[in-house]
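To start, the structure under review is shown below, and the notes come after it.
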Amino acid sequence: MTANELFKELLRDTIFSEKYNFSEKQLEKMGMHEPSKPIVELLKLIIQGKENNIPYSSIYNQIKKFQKIK
Amino acid sequence: MSVNIINSIYFENFYNYYGSYENNTYNFKEGLNIVVADNGAGKSKFFNGILWLLKDIVYDSELNKDDKVEDVTFKIISDKAKDETSLGDSVRVGVKLSYQDSKFEYIVEKYFYSKRIEEGNPLHEKCWKSEAIEQEVSKRDLDLKTFHQVYSLEDQQRILDNIILKGLQPYALLQGEEIDNMIDFSTKDSLDKAINKLTNINRVKELVELSDYLLRRSDKDFDSMRKHHTKNANEFDEKLEKKEELVSDLAKNEKLLQATIDTLNSSKEERSNLLNSITNSKKRSEFRNKISEFEKEKLILSKEYENLLNNINSYFFNPEYSWLLMNLDGEMKTFSNIRDEFLEKRMKRKLRNELPTDIFTTVLPDGSPDFVSLEKMIGQEICFVCGREAKKGSDEWLYMKKVKDRPKPDLLKEQLSKNDFKDFFGDIQINAQEYYRKIIGINESVKQLKSKAAKYENEIREVLKKKEQAGEELFQFGGSSTSNNEKDKDKNILESYANANQRIGQCNIEIVKYKKEIDNLKISIDNVDKRISELGGSDLPKEYKETTELLTDISKIIGNTKDRIFSEILTRLETNSNKHFQNLTAGNNVDGGILKLSKTSGETVILEVVDKSGNPITGLSEGFQRMKKLAVVMAIISSRYNKQTFDYPLIADAPLSAFGKGFIEGFFNEVPNVFNQSIILVKELYDKERESHLTETGERILKKSEIGSFYLNEIEENKSQIERETKIICYK
């Protein structure tokens, strides 16, 4: 399973349409490289971080940076 | 990812593979490759060659342990090569393998030289000195012809490791009973491990772990920020402390719950396995009793048969049978003819001596028929000799009267010459009469005895056949007619079964208790959390809350996805397991049932065998149990994400001996559906009595189109070990 396949699997969760109002079409077209809402961006950070064997603490720092937490 | 195919394997003076690589070469293709060999003809040695290349070990079947090749170099040299090597000369021992992936072909070789350093028995280790083991690897681009040496040890190792990846070797290198170790259903996480190893579900599980970590960190930062902004630091600290205490208690209880669920599952699994064992042990006992009965029956029949054969002598001398007189019936006729001739001559002489003409003479011996009988015959007007009617006054009646009134023998004797043998011969004829009847019956009594002996032989054969059948059925239920420990083992099963039941009851009580405790703790944590939020103040930067909420959702998404993928895998796994199970067991008359996979609350997968109505089936034979495991492994391989076959060759040494006869064809039919290449070393297809040295099944399999190659290993049995060498015959 590639990172992209994993990402697509995760996007199948109903929370994206029910809570974050993504349409089925949007979810279908969504890729790892196109910008999107924070929930999707954080998910990408996590998948890529794991894919590249980045330490957990560094991934958390990247999330903080993305969320503009000092 | 490309598929690896083994092209060739070569042996040089390796165990029974005497001689150079050229004489000991197997060329394999994609698909099913079979090497048929009787015991001692090189199956396990072949497998050891693979083990040497992949793991630097060989398996010692006598001591049932793995040895490092560097420690046993002397043992693996061909005895014949040892014998033919002169003092001061060296023998080269090696294994070479060629394989390819989508881009390159590789040749890997491990070898060493061993020098004979002493005269004397070449089979003594002290006469030999081995050099260090060398390793050579070369590769070529599939579009080019030339192989290039690979010098970097790291690259060499990578190429060696890539033949079959280490993590997948337990599913690709099978040696006899090892099928049992592929998945141990009595270990709670064994099936999970196999699924994780052969699928990508682990990647999602790793994300679950990462997202939990991120949420904990974010939660902690959030709490710390709230503490910073609170107007009531004391209460905040107190509530935070309380929350940490509650979270710690929750973690403890969740851990205890998990441990109890694990114990429950393993106890259930143990009970289920024991249930199989109970049924099996009952069956084993039933068949052991049957075998014992047949043995007794055979003993009685053999004794009776032996007595019959031992008593044959008595038939010769027993007056009832008189076999001593066998074939003398012709002699009796000859005697009677000679006597008739004698009487005729005697009559002529009597006439010459002018005996009174009215003297009655008869060919009957004197005194027969006797006077009383003749009187009765005359009175009743019937001839007792021939049974015909003789009416008074008729010729026959008058003749009987004439016989009755014949002169007394003494009178006639006086009138004839002295030394007259008429009476003597008559006596012989009368006395021999009784034996004559016996002689006629001898052939019949011989026939009867022969048929009695044949009956015994048939009965003994029949009993032995039944005993053999019972033995086979005993084996099907995991038993052996020669094992003495089985009775004790069967006795322990009941005790363990009762213990497992007791544990299950206890666990169920504890699970309810922990769940209740966990629910209460969660409510308490929520309440404390609410108060912490209230105390946190209103000027809190929103990014903290937002990040925690996003990470909470991500954690849920990843958790749900893991469950969904796992559930989908299980469904695929169950469907494919059943497909493989049905095909693998197709050669059996017994219904093996349906495989059912279910996930327990403890993240463990449980495998059950059920009937069409969903009721558990117990008491399946060992053959079925092993096929069940193989079916699940095949299903795990064929249920992988976007991949339905195995990328590495399956190499199996004597896998069928662990399965039983009824599964042979099913195995060979099904293996190519899952493994791109398989090399199966097998003895069950060998039959030295047939011209091809293959069983009927073997000949049938040889004709199949899926067969990549088919080899037969032969060894000359009448030769001593020191002269033995494996001859490789290529059938396809």
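Convention: chains lettered A, B, ... in structure tokens order; per-chain residue numbering from 1; ligands numbered from 1 as shown.
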
With only C-alpha atoms counted and 7 Å as the cut-off, give the residues of chain A in contact with chain B, each with its shortest interatomic distance in Å and the pair that gives it, as JSON lines.
{"residue": "A:Met1", "atom": "CA", "partner": "B:Asn200", "partner_atom": "CA", "distance": 6.1}
{"residue": "A:Glu9", "atom": "CA", "partner": "B:Thr561", "partner_atom": "CA", "distance": 7.0}
{"residue": "A:Leu10", "atom": "CA", "partner": "B:Thr561", "partner_atom": "CA", "distance": 5.9}
{"residue": "A:Asp13", "atom": "CA", "partner": "B:Ile557", "partner_atom": "CA", "distance": 6.2}
{"residue": "A:Ile39", "atom": "CA", "partner": "B:Leu550", "partner_atom": "CA", "distance": 6.0}
{"residue": "A:Leu43", "atom": "CA", "partner": "B:Ile554", "partner_atom": "CA", "distance": 6.8}
{"residue": "A:Tyr56", "atom": "CA", "partner": "B:Leu210", "partner_atom": "CA", "distance": 6.7}
{"residue": "A:Tyr60", "atom": "CA", "partner": "B:Leu214", "partner_atom": "CA", "distance": 6.0}
{"residue": "A:Gln67", "atom": "CA", "partner": "B:Glu543", "partner_atom": "CA", "distance": 6.3}
{"residue": "A:Ile69", "atom": "CA", "partner": "B:Glu543", "partner_atom": "CA", "distance": 6.4}

Quick one: residues within 8 Å of Asn253 (chain B), only C-alpha atoms, excluding same-chain residues fewer than 2 positions away - as a compact mmCIF listing (two decimals) with C-alpha atoms, in the first residue's frame?
# COMPACT_ATOMS: atom_id res chain seq x y z
CA ASP B 249 -6.49 4.58 36.55
CA LEU B 250 -8.30 4.36 33.23
CA ALA B 251 -5.12 3.18 31.49
CA LYS B 255 -4.74 -2.73 30.44
CA LEU B 256 -6.30 -5.17 32.92
CA LEU B 257 -9.38 -5.49 30.73
CA TYR B 514 -13.49 -3.77 34.49
CA GLU B 517 -15.04 0.64 36.23
CA ILE B 518 -13.84 2.04 32.88

Could you tell me which of B:Tyr435, B:Tyr151, B:Phe384, B:Phe47 comes closest to Leu324 (chain B) if we count only C-alpha atoms? B:Tyr435

Based on the backbone DSSP call, show me all residues of chain A assigned alpha helix (DSSP H), as number ranges by chain. A: 3-11, 15-18, 24-29, 38-51, 56-66

Tell me, as a PyMOL selection string, which residues lie within 10 Å of Glu459 (chain B), counting only C-alpha atoms; anything in the same chain fewer than 4 positions away does not count. chain B and resi 297-298+301-302+453-455+463-465
